[in-house]
Structures are given as C-alpha cells and as structure tokens.
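> Before I ask anything, here is the structure I am working with.
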Amino acid sequence: MTTTKSFSNLRGGLFASALRAQLGFAIASFIFLFIAMVVPFLVSAPSHNSGWSIARDASVYELEQMIANFYANAFSYGVYFDPSQTGLIAVILSFFAFACALSSAKYMHSMKMSDLYHALPVRREKLMLTNLAASAIAVLGPLLVLTVGTMLGILIVYGRYGWVGGWFFSVILADFLAIAAVSFVMYAFATFIAVQVGTTFDAFALTGLLGFLPTAVYLIGGAIWQSTVYGAVFSADYALRLSPFLFYFEIFRVRSLPIAAHSVWGALPVFLAWTAIGVGLLYAATLLYKRRKSELAGTTQPEGRLQMIAKFFSAFCGGAIFLAIFNDYPLAGRMFVILLATVAIGLIAELILARGVRSMKRNIKWLALAGLVYSLLYLGATMDILNHAQRIPASNSIVAVSIDYRGRFENENHPSWVMPGQAWNVTRPLTEPESIEIVREVHRRAVEDHFAERQEWANITGVSSYNFMGFATRWSSNNIHIRYQLSNGRTFERRYPSMNSDTFRLLTGLEAQPDFIAANHPIFFMEDYRQVTNRGPIEIEAILISLTGGPSRSTLSGEQAERLARALREDMLRETLDEVRRPVHPTLGFVTLNYNEARQQPQDRRWHIVTTQVPITAGYTSTLAVLEGLGAADILRPDFAEVHEILVIDFVDGLSFGHRGERVVNLSVGNRHVTDLRMILEDQRDHPESWDNRQVFSITNPDEIANLMTRVHTTLLLDDEIIGRAVYLQAYGSYDRSLFAGYVLIEDLPVSIRSQVADHLNERIAVRDAHPAQAQR
Amino acid sequence: MITMNNLTKTFENFTALDNFTSQIPGGSIYGLVGTNGSGKSTLLRLISGIYRPDGGEILVYGQAPFENIAVKSQIVHVSDDLYFLPQATMEDMARFYAGIYQSFDYETYQAMAGRFPIDPKKKIGKFSKGMKRQTALILALACRPKILLLDEAFDGLDPVIRIGLRKILADAISGGEVTVIIASHNLRELEDLCDHMGLLHRGKIIFAREIDQVKLGFCKVQAAFNQLPSDEALSGLDIAQKSAAGSVLTLIVRGKPDEIKTVIGGLNPLFVETVPLTLEEVFIHEMEAVGYDYNKIIF
C-alpha cells in the first residue's frame, strides 16, 4: 500500500516540477551542443584517421600541434583551441540561460501561475533557487554530459601521450567553468529584471535593452568624446566587459602563450567580477522579489526605474545616431538635432514600453529636458570645458611614455620601415626623464599648433566654434601617437594628425636617447631591452646568412652567432639614422637572424622566434671582418654572371609597390610587396594602349649588369626629392627567375639608357604634377 | 480566526482594498460577495500570502501569512483561473502537492477522486471546466488545510457539478475544523452553503454578519384587511418595507415573527401569515439601512 510519505517521495514536488518545465530547453540545448561539438568530429573523423600513422612518428611538439588542430576541428568546445567554436557554444548556452530565466520567471508574470506558486508554503528564495537549479541542469547538464563524453574519448584514444594529463583537463575545466559563469550571469541578470516587471515580454525587452546599455553608452560617449576633443583616443577597451551579454568575448582579446590561442585565464578578473555581480544580482532579485510592486502578474507595469532607464537610454542612442548623420551641420544645428532626436526616439520608446499613447503627452516635457541636457553635454564636450584637449600630464606623474610617429612629410614613412631589421617598435615604453620630457614637448607643440590653426581659422571665417571632428578624423599616414603610463596606474593617450619640422627635430633627438635605442633594437641591446621590458634574456637561436644575388646560405649558432651579433651591433651603432634611411653603400647581402624573445614561461619559447633581416653594406666593416674570420664572407660576394637581365621602372605613383604607406620597402629576395616587372613588361607588350605613359626598361649587357649591381640600394627613403632621382629595378636569372630587387639612382644607370630613363621620369613627374588626382589613382 | 485591521492593498493607482477591517471566525464557511473589482480576490490573495499588504495588517491565527511557511502550510488557495502543471495528470498534481504539503492525505485524495468520473491518469488539459474545478477541489481538500480559500469556485458550472462540489465540500468540512472562505459575485450561489457572509464594495466591507442572525432579524408579513390600517396603527412595528395591493398589505419588518404577528393580529386582519426572506432580500434591506443601494452594487 502506498502511504502518504512514500507517495510524496515517488515523483513530485517543487524541484521536479521546475525541472519538468525546463525539459524542453534541456533537449534543445543538447541538440544544439551536439551539433556544435560532436558533429564536427564525426565530419572530420576520416581525415583524422588518415593522419593517425603520421602521429605515431611525430615529435611531441608536432603531436601537440596535430592534436590541437584535430581537437579544434573535431569535437572540442574548447576555448583553448578554437575560439569560434567556443564562442558559438557560449552563445548557445547564454541564449538558453536567458530563455530559461524568462521561463522560470513566468510564474510571476501569469496570474494563475502566481496564484498557484505564491500560495504554496514555500519561501520565495526557495522558489527562485529551485528554478535556478533546474535551469542549471537544463542548460549545463547537456554540456557536462557531452564534455565528459568527449574527455573520456580523448582519454581512451590519446591517453597514451603525456599531454593528456592534469594540465589538459584543467584547461577544459576552466572552459567549462567559464561557460557556466556566463550562463549564470545571463540567468541572474534576466531574473533580476524579470522579478521587477509584470510580463515576460517586458522582462525580455528590458533585459535585452539594459544588457547592452553600459556598453552602448560607453561606446557612444567615447565616440562623441573622441570626435569633440582634439587628439583624444578612445580605445573602447572596456566595451566587452561592461555588458553581461558580451563579457565572455573578453577571452578573444587575450591569448595564452603556449599555442597562442585564446584563454579564459587572461580574462579571469572579468569573469570573477561578473560572477560576483551575478551573485549580487540574484541576491538583489530575491530581495526585490518580496517587495515587487508589480504583483499584479500579467499586467504591463514595468518597474518605473527600469522603464525610465530604458526610455532615456533609447533617446540618448537616438540623439547620438542623428548627431552622426548631421555631423557636418553647424554646432547649433547639431544641438537642435540631438534635442529633436531625443524627443522623437524617446516617444517611440515610451509608446512601446507603455503600450499606449496616453503617457506620451505626460512625458514629452521630460524628454525635451533630457534632449536639452544631452545637447548641453555635447556643447560642453565640443567646448572642451574640462580642458581635455590641452591636458599634458605632469612630469612627476609619468612612469613611462611611448610614442609612435611617421616621418617629416605627409608621404613619409614609419621609421621602422627603413631601419634594418623588423624589430623596431616605437610603442615600447621609454622611462628616461629626458625621453619623457622630449615627448611632453612634442605633445605640447602638437597642441599649440592645433590651437594656433584653430585661431587662424576663426580669424578668417569669424566662426569661433568649428567642427573639430573634421580635424580629428583626417588621419593620414602622418601622425603622432603618444601614450603615457601614469603613476596612478592609468594610461593617458593622445593622437595628433600632423607635426611640423620643429617637432620632427625634437623626435630626432629622442631617437638618440639610449632607452629609445634599446627599446627599438632588442636584438642588439639585449640586456637593456630585458630591463626595459622586464622580460627574460634574449637568446639567439641561429643566424642565417644569405646572398643578395642567390640562394646560398650558411647557418651560425652558439658562440659564432654571438660574435656576429656583437659585430652587427657595433656597425649599427656607428650608422646614423639618416645613413640608414639613405644608404651610402650598396647592399652586399643580408644577414638573417632568428632569435628568441624569451617570455615568462619556459614552454613558450618556441612560439616567439623573431626573424629579422639586416642588409650588409660595405660600411659594416666589423660584420664583414667577423664573416671573413668565419670563412663566410665569400657568400656575400654575388656571382653576377647568374643575372641575365635587369628591368627598371619608375615609382612616381608608388602603386606598383603596394599602398602608399609601404613605399619604402626592404627589397630582399621574395618580398611580397614587389610587383613582378616582367609581368608588367609582358602586359605592356600585349596591351600597349593601357601603358601610354609608363615604361619598363631592360638591361641585358653583362658588363652593364655587373657594374649596376654594385650600385644597388636595398632601402631608400622615398620622399618627393628622391622620386625624381631614382628608379626601381629587378634582376632576373635564367628561365626568368626573379633573383632580387632594389633601387638605383639615375646617375648610376648605364649610359645606354640613362638619358632615356631620365627623360621618361621627368615626363612622368610632369604628368603627375599636372593631374595629381589621376596620378594618385 | 482571520483578522484584518485597516488592511490596504494598492496596485499603481488602483486601490483594491482600502482600510479594510473585519474578522472571519474560525470554523466558519464565509461567503465573500461583491462585484468584479470589489476586492474579493485580492483579499483571498492576502490571506493566502500571495500578496503583501501595503498598509494595515492581516493576521491568520495571530500571524501574518506573507512568507510565513507555518501559516501558509495550513492554507490552500483555489484560484478562479485554475493552473495545473503542463501536461500534468491529476496524479501528477497530487504528487506535486504531496511533495509540498506535509499534511497531504493520499487516502482522502483517493476516496474523493473515486467519487467522481475522473481518470487520474488523464491529462488535466483535456478535462472540461467542471472537471478541472472538481480536480482542483479534490487536490485542495486532500491537502487537509485548516483554511480553504475558494475564488469563484462554482462560477459557470452546471447544476449537477455544482451540487457534486458542494457535497464534497460539505463532507470535507463536516468536522468543523476547517474555515472555508468562498468568494463569489453571485449571492444566490452561497445562500445555502455559508454560515457567514461579507459584502465588499470598492475595497471596503459594507457589512459582515452571521446569516442566521441576519435572517432571524427580519420577517416578511402578508395580511389582508377590509380596510388597510393607517401608518399610525402600524407605528409599533419597525418596518423596513411596506407595499399594498388592493386589500393585501405586505410588510418587511425587523423583529421576531411571533411579536410581529401579535401586533398585526391586533389590527383585525382577514388573514395574516409570515413568509421567509431570501438572503438577497435580507441584504437589500440591510444595505439600505446603512445607506447603500443594493441594486447599484450588485447589478
């Protein structure tokens, strides 16, 4: 006989009913996750099987790579390996968490459900937590099942390899917890809203709206600030972490070191913060649940504060959007547009939220007031009443500074492109007081220049307030980007569109500062660089030496590599920046260095090999002496007999070499940015009508080739002056094999074509000057 | 005993209960009568702890019911708009209640369920309205509450079902320990079931009485005369209503029937008889006595 007690234990109660209500979500969640996690594995299984024999013979490192790739393409949900797949899973589960939250809260929004559940002798906290537990099972249960299944599969198939261990599973666990945290926060946020409103629709609409509110306000406010404050840089660093819907994607901003994949660990503070907020929201929800005004379930009575926030947020967004559309209008016009758009969009929001027009009339005055406030805030930003535009941090508040800039002229190039090697990174921090003062002075002059220009504009036009946005957004390749690290831990950042010759002179002085040199030549200033960046010592793994005209190579390592590096450093220190930009000596060949930029973790080393290529000229006497001593100097003496033809072309428009920002190209063999001149030549022959004013010249005489090869420059600063004096060339061997490329001055060309090329160049420049726009195209 | 002192409940700009003060005696069958929006359902929800009072207090056995598990476990509320778990059978719902109410009695449930042609394993969603009402009442009574709240429990049911439900209810409460509060907008439905009655109007209680006392306080007298007596001759009676048709005089008089009959008899009527009043008639006169027009409130 079934007794009362046993009957109650059969199947029933609050939790069972909550779980039953979420069953549909659990099934749907399982199906979606199965598609996202398992189906890719099934699809890719054949290719995996074919790679199995390879895996047996691979090294541990190769195995890791293979497994990582396999795992990414197969059945992992792993954050660690495949961001897109993980992101998809996070999105799926967030959606279900959101849906479960709304579904769980439905009993508050339906009168008949409210009558049933709220009359039960159950505390409201218990009701809420029971629903949370049921939702957690519905949302995370399928993920847990599939993950455990996956882990078991990996353990069975790959358990024999060492990498399937604690570390591997800890990563998977971290991924799981991250997704659980995201789902929880989504649930808590939706519940927090749901307990305060009268209908599920309101909960849905307000959760969606308020979930993006902080990010939207931040982005819109930042955009307005950047567009109105001269030089301001809005980096939007906090955009993702401000939203409960978006904070998960912080992991895509962080890369873990071992395989350069995205990682949860890097975004851990954000996850912990949001989890804490989620707990707080859920706790607040339980308190508000007991005091909710919208007890009249099923009635559209959104909590007044939420409705107000949603309405004025919509109005704010509307004002910002219309501001962007009418940004070219005078200031008064823009302010009026903000006012009108705020009222219009606010009324639409009111119409939707209040489901009627009755309250619109009552609220129009408040929206108008809000529009006025927004307009005045915009005016304040435009006038820069907080003086952000002219702010320069005090010297004693600056810990370090970095500066990134372009050359003297509009069309000049970034210093890193003319320096030997590719390690130049001017954004690395400088800490010497002298360097900081130089940067501050550069900053001060940039601001002064701007306001002088502004005053000039006001004198000419009589308009004292003009649209800063035009100046702020007129970015070209020529700008300065300054970033101060302040003693309070914050960063102060500015970017300016231009600089004058005085500023450039200051920057030349900066380039002579020891910390600047050390920061930008890591390979040659290892110890200094290590101190500046607070990283481990740089280790040279190998040095490759290659010949300009051919494929010959030699590899150095150990003590020999160290000797060569010291010699290179010595030669480079002797060479001024201007000499680097305008080499006196032709390039003999290249030394290619592969070195490790050591990181914090020993296992990360292999992922940070840096390759840099230094052109060796006759001025690199120390380097040449070391090479001589190593018996490797011969490989720097090219065999010009291999060169069968040299083709020459002008670079007046520069477009043959890529876009304008890459005019100065380190013309090593195989440079991707260089167009094959033979193709141009053939195209000219086939389609002469398309090449009416540009010509490729050919040199095939062996003596002329040998003579010309000693005068080739591999790097050249391409300003307006040099464009009228130099041409670009490519050398070809047998079977039209491209051997190398370079620049040569007109006066160094063979006599046979010199005047012809000079005339053609002058003609090209004349055409360009007459039709600059056409030349640009 | 349920006590309401200055009980107030508002929703936005609407006041559902306005300084409501009354008492519901324990063990009574209390009828709450009033039009839609008079505050009946709100009062039931306050008693069952669904709502929290905005003002005043409500005490059930001396304790506020809101979030009070001890009190709420003695109350079962059957809403006018019934809700059952999705896809649930009556058996499922019984398990649901059994898991929550410690006092749930499976034998009572089985005994009552067996008296009606309801398949406990059939989904409730497929039941008729009357069957759903029966199911809800069976489940509620199986919980063996000390206070049973029924909101429009007999609304829209055919007479057979209504009689059945009344019988279930009468049997269940025959012990006299259960307090039943039935809200309805139809006074006639409650007449032969309740022993106490309260009339609500716009969030206030107009009056609350024990029905027997109410009925005993009035008497309807019909008498025929050769010549109708003057008002002076009737001045010894507390007449609530007087009407005449030819030589027949009909009076509704406050007081005991025997005493009234004696007074009328002194006026030499051709015949005289006392007629019992319906509850509705009693209410009309009671409300008129306190200054309300019954027709404007109920109809």
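Numbering starts fresh at 1 for the residues of each chain in the structure tokens, the chains themselves are lettered A, B, ... in the order given, and ligands are numbered from 1 as they appear.
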If the cut-off is 7 Å, can you tell me the residues of chain B near chain A, counting only C-alpha atoms? I'd like them as a list in words.
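The contacting residues on chain B are Ser48, Gly49, Ile50, Glu67, Ile69, Lys72, Ser73, His77, Ser79, Asp81, Leu82, Tyr83, Asp92, Arg95, Phe96, Tyr97, Ala98, Gly99, Ile100, Asp105 and Tyr106 of chain B.
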> I'd like the neighbourhood of Arg166 (chain B) as a ChimeraX atom specification, where a residue qualifies if any of its atoms comes within 9 Å (using only C-alpha atoms), though same-chain residues fewer than 4 positions away should be ignored.
/B:154,161-162,170-171,193
> Do you know which residues are at most 12 Å from Pro117 (chain B) counting only C-alpha atoms, after dropping those on the same chain fewer than 2 positions away, and could you put them as a PyMOL selection string?
chain B and resi 112-115+119-120+122+127-128+130-132+134-135+161+164
> Mind the document's chain letters and residue numbers, and return as a VMD selection string the residues of region 28-258 of chain B that DSSP labels alpha helix (DSSP H).
chain B and resid 40 to 47 69 to 72 90 to 100 106 to 113 129 to 142 159 to 172 187 to 190 211 to 216 257 to 258
> Identify which of the residues B:Gln63, B:Phe218, B:Pro257, B:Gly125 lies closest to Leu85 (chain B), counting only C-alpha atoms when measuring atom-to-atom distances.
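For Leu85 (chain B), the nearest of the candidates is B:Gly125.
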